[in-house]
file model_38.cif (mmCIF, C-alpha atoms)
data_input
#
loop_
_atom_site.label_atom_id
_atom_site.label_comp_id
_atom_site.auth_asym_id
_atom_site.auth_seq_id
_atom_site.Cartn_x
_atom_site.Cartn_y
_atom_site.Cartn_z
CA MET A 23 0.00 0.00 0.00
CA LEU A 24 2.76 2.46 0.93
CA ARG A 25 4.73 1.55 -2.21
CA GLU A 26 1.64 2.11 -4.36
CA ARG A 27 0.97 5.42 -2.64
CA VAL A 28 4.53 6.66 -3.16
CA ILE A 29 4.59 5.63 -6.83
CA THR A 30 1.28 7.37 -7.49
CA ALA A 31 2.48 10.51 -5.70
CA ILE A 32 5.64 10.63 -7.82
CA VAL A 33 3.68 10.15 -11.03
CA LEU A 34 1.19 12.85 -10.05
CA LEU A 35 3.99 15.29 -9.25
CA ILE A 36 5.69 14.63 -12.58
CA VAL A 37 2.43 15.05 -14.51
CA LEU A 38 1.54 18.25 -12.66
CA THR A 39 4.99 19.78 -13.12
CA ALA A 40 5.12 18.87 -16.81
CA ALA A 41 1.64 20.28 -17.43
CA LEU A 42 2.35 23.40 -15.39
CA PHE A 43 5.50 24.42 -17.22
CA TRP A 44 5.24 22.82 -20.66
CA LEU A 45 1.61 22.88 -21.74
CA PRO A 46 0.43 25.86 -23.80
CA LEU A 47 -2.20 28.02 -22.16
CA SER A 48 -5.14 26.31 -23.90
CA GLY A 49 -3.68 22.93 -22.97
CA TRP A 50 -3.43 23.97 -19.33
CA TRP A 51 -7.06 25.07 -19.37
CA GLY A 52 -7.98 21.67 -20.77
CA PHE A 53 -5.94 20.03 -18.01
CA CYS A 54 -7.78 22.06 -15.34
CA ALA A 55 -11.13 21.25 -16.97
CA CYS A 56 -10.31 17.53 -16.84
CA ILE A 57 -9.45 17.76 -13.13
CA ALA A 58 -12.73 19.59 -12.51
CA ALA A 59 -14.67 17.00 -14.53
CA ALA A 60 -13.16 14.08 -12.61
CA ALA A 61 -13.78 15.81 -9.27
CA ALA A 62 -17.37 16.60 -10.28
CA TRP A 63 -17.94 12.97 -11.29
CA GLU A 64 -16.76 11.93 -7.82
CA TRP A 65 -18.83 14.66 -6.17
CA ALA A 66 -22.00 13.36 -7.84
CA GLY A 67 -21.08 9.90 -6.60
CA LEU A 68 -21.05 11.15 -3.01
CA PHE A 69 -24.75 11.89 -3.43
CA ARG A 70 -25.51 8.56 -5.12
CA LEU A 71 -26.42 9.82 -8.56
CA ASP A 72 -26.61 7.05 -11.14
CA ALA A 73 -23.74 6.47 -13.55
CA SER A 74 -25.17 8.43 -16.49
CA LEU A 75 -26.02 11.51 -14.40
CA ARG A 76 -22.58 11.42 -12.78
CA LEU A 77 -20.98 11.45 -16.21
CA VAL A 78 -23.21 14.28 -17.43
CA TYR A 79 -22.45 16.37 -14.35
CA GLY A 80 -18.72 15.80 -14.70
CA VAL A 81 -18.75 16.79 -18.39
CA LEU A 82 -20.85 19.90 -17.73
CA VAL A 83 -18.55 21.10 -14.94
CA GLY A 84 -15.48 20.50 -17.10
CA LEU A 85 -17.02 22.43 -20.01
CA LEU A 86 -18.04 25.27 -17.70
CA VAL A 87 -14.47 25.64 -16.50
CA PHE A 88 -13.09 25.53 -20.05
CA LEU A 89 -15.57 28.23 -21.16
CA PHE A 90 -14.02 30.68 -18.72
CA GLU A 91 -10.91 30.77 -20.93
CA ALA A 92 -12.96 32.38 -23.71
CA LEU A 93 -14.68 34.73 -21.24
CA SER A 94 -11.38 36.14 -19.96
CA SER A 95 -13.03 38.70 -17.66
CA ASN A 96 -11.29 39.89 -14.53
CA GLU A 97 -14.61 41.13 -13.16
CA ALA A 98 -16.21 37.70 -13.66
CA ASP A 99 -13.21 36.05 -12.01
CA ILE A 100 -13.48 38.34 -8.99
CA PHE A 101 -17.19 37.54 -8.70
CA VAL A 102 -16.64 33.76 -8.86
CA PHE A 103 -13.70 33.82 -6.46
CA GLY A 104 -15.61 36.14 -4.13
CA ILE A 105 -18.55 33.73 -3.96
CA SER A 106 -16.14 30.91 -3.13
CA VAL A 107 -14.37 32.88 -0.41
CA LEU A 108 -17.69 33.85 1.16
CA PHE A 109 -18.74 30.21 1.15
CA TRP A 110 -15.56 29.02 2.87
CA VAL A 111 -15.34 31.91 5.34
CA LEU A 112 -19.00 32.30 6.29
CA CYS A 113 -20.95 29.17 5.34
CA ALA A 114 -18.55 26.23 5.64
CA PRO A 115 -17.64 26.77 9.34
CA ILE A 116 -21.33 26.73 10.30
CA TRP A 117 -21.90 23.74 8.01
CA LEU A 118 -19.12 21.80 9.71
CA LYS A 119 -20.25 22.79 13.21
CA ASN A 120 -23.81 21.60 12.58
CA ARG A 121 -22.80 18.74 10.24
CA TRP A 122 -25.52 19.59 7.79
CA GLN A 123 -26.51 16.90 5.31
CA ILE A 124 -27.79 17.73 1.83
CA SER A 125 -30.95 15.86 0.96
CA GLN A 126 -31.94 17.56 -2.31
CA THR A 127 -30.02 16.55 -5.42
CA TRP A 128 -30.22 19.97 -7.03
CA LEU A 129 -28.73 21.60 -3.93
CA ALA A 130 -25.90 19.06 -3.84
CA MET A 131 -25.06 19.77 -7.49
CA LEU A 132 -25.22 23.53 -6.90
CA CYS A 133 -22.91 23.19 -3.93
CA GLY A 134 -20.55 21.20 -6.13
CA LEU A 135 -20.39 24.12 -8.56
CA VAL A 136 -19.51 26.51 -5.72
CA VAL A 137 -16.76 24.20 -4.45
CA LEU A 138 -15.25 22.90 -7.70
CA VAL A 139 -15.59 25.57 -10.40
CA PRO A 140 -13.82 28.43 -8.54
CA ALA A 141 -10.99 26.08 -7.53
CA ALA A 142 -10.44 24.90 -11.12
CA LEU A 143 -10.72 28.47 -12.41
CA ALA A 144 -8.18 29.57 -9.80
CA LEU A 145 -5.86 26.77 -10.88
CA ALA A 146 -6.05 28.04 -14.45
CA ARG A 147 -5.78 31.75 -13.72
CA LEU A 148 -2.92 31.52 -11.20
CA ARG A 149 -0.79 29.70 -13.75
CA GLY A 150 -1.45 32.64 -16.07
CA HIS A 151 -0.13 35.02 -13.42
CA ASP A 152 2.98 32.97 -12.66
CA PRO A 153 3.49 29.18 -12.69
CA TRP A 154 5.88 29.48 -9.76
CA LEU A 155 3.27 31.37 -7.73
CA LEU A 156 0.75 28.57 -8.33
CA LEU A 157 3.31 25.92 -7.42
CA ALA A 158 4.23 27.84 -4.24
CA ILE A 159 0.57 27.98 -3.16
CA CYS A 160 0.03 24.28 -3.87
CA ALA A 161 3.23 23.48 -1.98
CA LEU A 162 1.92 25.50 0.98
CA VAL A 163 -1.04 23.12 1.23
CA TRP A 164 1.23 20.09 0.89
CA VAL A 165 3.58 21.41 3.60
CA ALA A 166 0.60 22.01 5.91
CA ASP A 167 -0.66 18.49 5.27
CA ILE A 168 2.74 16.87 5.85
CA GLY A 169 3.41 18.95 8.97
CA ALA A 170 -0.02 18.10 10.35
CA TYR A 171 0.45 14.40 9.64
CA PHE A 172 3.78 14.05 11.39
CA GLY A 173 2.95 16.52 14.16
CA GLY A 174 -0.32 14.73 14.81
CA ARG A 175 1.39 11.35 14.97
CA ALA A 176 4.05 12.65 17.37
CA PHE A 177 2.05 14.95 19.62
CA GLY A 178 -1.65 14.48 18.80
CA LYS A 179 -3.87 14.28 21.88
CA ARG A 180 -6.78 16.71 21.47
CA LYS A 181 -9.13 15.74 18.65
CA LEU A 182 -9.93 18.47 16.16
CA ALA A 183 -13.27 17.15 14.89
CA PRO A 184 -13.80 13.60 16.19
CA GLN A 185 -17.25 13.23 14.64
CA ILE A 186 -15.99 14.24 11.20
CA SER A 187 -12.37 13.09 11.00
CA PRO A 188 -11.22 11.24 14.14
CA GLY A 189 -7.59 11.09 13.04
CA LYS A 190 -7.03 14.85 13.05
CA SER A 191 -5.80 16.67 16.13
CA TRP A 192 -5.22 20.26 17.19
CA GLU A 193 -1.55 19.44 17.68
CA GLY A 194 -1.44 18.39 14.03
CA VAL A 195 -3.01 21.68 12.97
CA TRP A 196 -0.47 23.70 14.95
CA SER A 197 2.39 21.59 13.58
CA GLY A 198 1.14 22.22 10.05
CA LEU A 199 0.89 25.94 10.74
CA ILE A 200 4.45 26.12 12.08
CA ALA A 201 5.73 24.21 9.06
CA VAL A 202 3.92 26.61 6.70
CA LEU A 203 5.20 29.72 8.48
CA ILE A 204 8.77 28.44 8.13
CA TYR A 205 8.16 27.52 4.49
CA GLY A 206 6.48 30.89 3.81
CA ALA A 207 9.30 32.86 5.38
CA ILE A 208 11.78 31.10 3.10
CA VAL A 209 9.66 31.65 -0.02
CA PHE A 210 8.93 35.29 0.82
CA ALA A 211 12.60 35.99 1.47
CA SER A 212 13.89 34.27 -1.67
CA LYS A 213 11.19 34.31 -4.36
CA LEU A 214 8.22 36.51 -3.45
CA GLU A 215 9.90 39.47 -1.78
CA LEU A 216 7.25 41.82 -3.17
CA VAL A 217 4.54 40.37 -0.91
CA PRO A 218 5.98 41.28 2.51
CA GLY A 219 7.54 44.33 0.86
CA ALA A 220 4.07 45.62 -0.04
CA VAL A 221 2.00 44.57 2.96
CA GLY A 222 4.59 43.98 5.68
CA TRP A 223 5.81 40.74 7.23
CA PRO A 224 3.08 40.49 9.93
CA VAL A 225 0.29 40.70 7.33
CA ALA A 226 2.11 38.33 4.98
CA MET A 227 2.52 35.70 7.69
CA LEU A 228 -1.08 36.22 8.87
CA SER A 229 -2.18 35.54 5.30
CA LEU A 230 -0.38 32.21 5.43
CA ALA A 231 -2.18 31.35 8.66
CA VAL A 232 -5.52 32.13 7.00
CA LEU A 233 -4.67 29.85 4.09
CA VAL A 234 -3.73 27.06 6.51
CA ALA A 235 -7.06 27.47 8.32
CA LEU A 236 -8.91 27.29 5.01
CA SER A 237 -6.94 24.22 3.94
CA VAL A 238 -8.00 22.42 7.12
CA GLU A 239 -11.58 23.50 6.50
CA GLY A 240 -11.55 22.14 2.94
CA ASP A 241 -10.16 18.83 4.19
CA LEU A 242 -12.79 18.55 6.91
CA PHE A 243 -15.59 19.50 4.53
CA GLU A 244 -14.82 16.65 2.15
CA SER A 245 -14.34 14.30 5.11
CA LEU A 246 -17.83 15.21 6.32
CA LEU A 247 -19.36 14.50 2.91
CA LYS A 248 -17.60 11.14 2.68
CA ARG A 249 -18.65 10.19 6.20
CA GLN A 250 -22.25 11.07 5.39
CA ALA A 251 -21.99 9.02 2.20
CA GLY A 252 -20.51 6.10 4.15
CA ILE A 253 -17.32 5.84 2.07
CA LYS A 254 -13.61 6.15 2.79
CA ASP A 255 -12.41 7.57 -0.55
CA SER A 256 -14.18 9.66 -3.18
CA SER A 257 -13.17 7.07 -5.81
CA ASN A 258 -10.30 4.73 -6.70
CA LEU A 259 -8.99 6.73 -9.66
CA LEU A 260 -5.62 7.29 -7.96
CA PRO A 261 -4.11 4.05 -6.59
CA GLY A 262 -3.16 4.43 -2.95
CA HIS A 263 -4.64 7.92 -2.77
CA GLY A 264 -8.34 7.43 -3.42
CA GLY A 265 -9.86 9.94 -5.78
CA VAL A 266 -9.22 13.37 -7.25
CA LEU A 267 -11.37 15.01 -4.57
CA ASP A 268 -9.23 13.36 -1.90
CA ARG A 269 -6.17 15.08 -3.35
CA ILE A 270 -7.63 18.53 -4.02
CA ASP A 271 -9.93 18.93 -0.99
CA SER A 272 -7.68 21.50 0.69
CA LEU A 273 -7.01 23.27 -2.60
CA THR A 274 -10.71 23.85 -3.22
CA SER A 275 -10.77 26.18 -0.22
CA THR A 276 -7.35 27.85 -0.58
CA LEU A 277 -6.84 28.44 -4.30
CA PRO A 278 -9.87 30.75 -4.79
CA LEU A 279 -8.67 33.10 -2.03
CA ALA A 280 -5.17 33.19 -3.53
CA ALA A 281 -6.65 33.81 -7.00
CA LEU A 282 -8.88 36.58 -5.64
CA TRP A 283 -5.82 38.25 -4.16
CA ALA A 284 -3.99 37.91 -7.51
CA ALA A 285 -6.98 39.33 -9.42
CA LEU A 286 -7.17 42.36 -7.11
CA TRP A 287 -3.40 42.87 -6.80
CA PRO A 288 -2.19 45.91 -8.81
CA HIS A 289 -0.36 44.74 -11.92
#
call {"tool": "encode", "arguments": {"input": "model_38.cif", "output": "C-alpha cells"}}
result
Amino acid sequence: MLRERVITAIVLLIVLTAALFWLPLSGWWGFCACIAAAAAWEWAGLFRLDASLRLVYGVLVGLLVFLFEALSSNEADIFVFGISVLFWVLCAPIWLKNRWQISQTWLAMLCGLVVLVPAALALARLRGHDPWLLLAICALVWVADIGAYFGGRAFGKRKLAPQISPGKSWEGVWSGLIAVLIYGAIVFASKLELVPGAVGWPVAMLSLAVLVALSVEGDLFESLLKRQAGIKDSSNLLPGHGGVLDRIDSLTSTLPLAALWAALWPH
C-alpha cells in the first residue's frame, strides 16, 4: 500500500509539473477542466447519482471551467472567487459545526459548482499570473498536510473534529501551521519578496495562517461529505490515494482566495 501510494504521488507530481510548465495556455485550461470534470464525477457519486447523471455532471462542470478561458473577464473572475471565499469563510464553518446533510439533489449539485468551479478556475488563472506562484501555493497546502500528519502522529492528543475526521488533532493543525510559516518565510525571502515588501511581514505571515485554516476546512468538509456518504475515498482513480477530490480537498478552499488576491493585486 505504501509503495503504491509513493509511486502514485511521484507520477502525479511529474504530470503536474510537466503540465504546469510545458503545456500551452489552452492545454493547461484543458488540463484544469479535466481535473474539474473528474472531481465533479466523484462529487456526484457522493450523493448517489446514477452512472449516467454522474458522467453528465462531470462533463458539464469540465465544459463550464473551459468556457471561462474564452470569457477572460477579470470582473467575472473576482465575482466567482468572491462567492467561493464567502462560502468558505462564512458558510462552511457553520456547516461543519452543525454537520448539515444535503438531501436535495439539485442543492448538492449547486454546492458542487460553488466548491469545484472556482478552484479549477483559480488553478487556471494563477498559472497565467505565474506558474511558480501557483506551485508555491500548492506546496503550501502540501507542507501544511505533511506537517499536520507528522505533528499529529508525534504529539496528537486533542481531537480536532472527532465526529468528522477522528484522526485529526489540534496538535497536528499547529504543527502544520508552524511548518507553513517556516516555508512561507523562506519563499517570501527568496522568491516573493514583493509580498511582505508591499503589505509587511506580519500581514504576509497572517495571510499564510488564514490559508492554513482554510486548507483544514476544505479537508474537513470533504471528510464530512464522505462520512455522510458512508465511504472512505471519493473514488479509486488514484491508486493508494483514493480519488481526485481526496487530493484537491484542501485546494478547493485555498486556491480561490489566492486567486482573488492575484486578481485584485495591482499589476
call {"tool": "resolve_selection", "arguments": {"input": "model_38.cif", "expression": "the PyMOL selection byres ((chain A and resi 256) around 9)", "output": "ChimeraX atom specification"}}
result
/A:61,64-65,67-68,244,248,253-255,257-259,264-268
call {"tool": "closest_atom_pairs", "arguments": {"input": "model_38.cif", "of": "segment 214-274 of chain A", "to": "segment 169-185 of chain A", "cutoff": "10 Å", "atoms": "all atoms listed in the file", "output": "tab-separated table"}}
result
residue	atom	partner	partner_atom	distance
A:Val238	CA	A:Ala170	CA	9.6
A:Leu242	CA	A:Ala183	CA	8.1
A:Leu246	CA	A:Gln185	CA	8.6
A:Arg249	CA	A:Gln185	CA	9.1
call {"tool": "resolve_selection", "arguments": {"input": "model_38.cif", "expression": "the PyMOL selection byres ((chain A and resi 38-53) around 10)", "output": "JSON, numbers by chain"}}
result
{"A": [32, 33, 34, 35, 36, 37, 54, 55, 56, 57, 58, 59, 84, 85, 87, 88, 89, 90, 91, 92, 142, 143, 145, 146, 147, 149, 150, 152, 153, 154, 156, 157]}
call {"tool": "residues_around", "arguments": {"input": "model_38.cif", "residues": "Gly104 of chain A", "least_positions_apart": "6", "cutoff": "8 Å", "atoms": "only C-alpha atoms", "output": "mmCIF file with C-alpha atoms, in the coordinates of the input"}}
result
data_model
loop_
_atom_site.group_PDB
_atom_site.id
_atom_site.type_symbol
_atom_site.label_atom_id
_atom_site.label_comp_id
_atom_site.auth_asym_id
_atom_site.auth_seq_id
_atom_site.Cartn_x
_atom_site.Cartn_y
_atom_site.Cartn_z
ATOM 1 C CA PRO A 278 -9.870 30.750 -4.790
ATOM 2 C CA LEU A 279 -8.670 33.100 -2.030
ATOM 3 C CA LEU A 282 -8.880 36.580 -5.640
#
call {"tool": "atom_distance", "arguments": {"input": "model_38.cif", "atom1": "atom CA of Cys133 of chain A", "atom2": "atom CA of Val232 of chain A"}}
result
22.4 Å
call {"tool": "resolve_selection", "arguments": {"input": "model_38.cif", "expression": "the PyMOL selection byres ((chain A and resi 78-82) around 7)", "output": "NGL selection string"}}
result
:A and (59-60 or 62-63 or 74-77 or 83-86)
call {"tool": "residues_around", "arguments": {"input": "model_38.cif", "residues": "Trp122 of chain A", "least_positions_apart": "5", "cutoff": "10 Å", "atoms": "only C-alpha atoms", "output": "list in words"}}
result
Ala114, Ile116, Trp117, Leu246, Leu247 and Gln250 of chain A
call {"tool": "residues_around", "arguments": {"input": "model_38.cif", "residues": "Ser275 of chain A", "least_positions_apart": "5", "cutoff": "10 Å", "atoms": "only C-alpha atoms", "output": "number ranges by chain"}}
result
A: 106-107, 109-111, 114, 137-138, 140-141, 233-241, 243, 270, 280
call {"tool": "closest_residue", "arguments": {"input": "model_38.cif", "among": "A:Ala66, A:Val136, A:Ala201, A:Val221", "to": "Cys113 of chain A", "atoms": "only C-alpha atoms"}}
result
A:Val136
call {"tool": "closest_residue", "arguments": {"input": "model_38.cif", "among": "A:Ala207, A:Leu112, A:Ile168, A:Ala281", "to": "Leu230 of chain A", "atoms": "all atoms listed in the file"}}
result
A:Ala207
call {"tool": "atom_distance", "arguments": {"input": "model_38.cif", "atom1": "atom CA of Ala166 of chain A", "atom2": "atom CA of Val202 of chain A"}}
result
5.7 Å
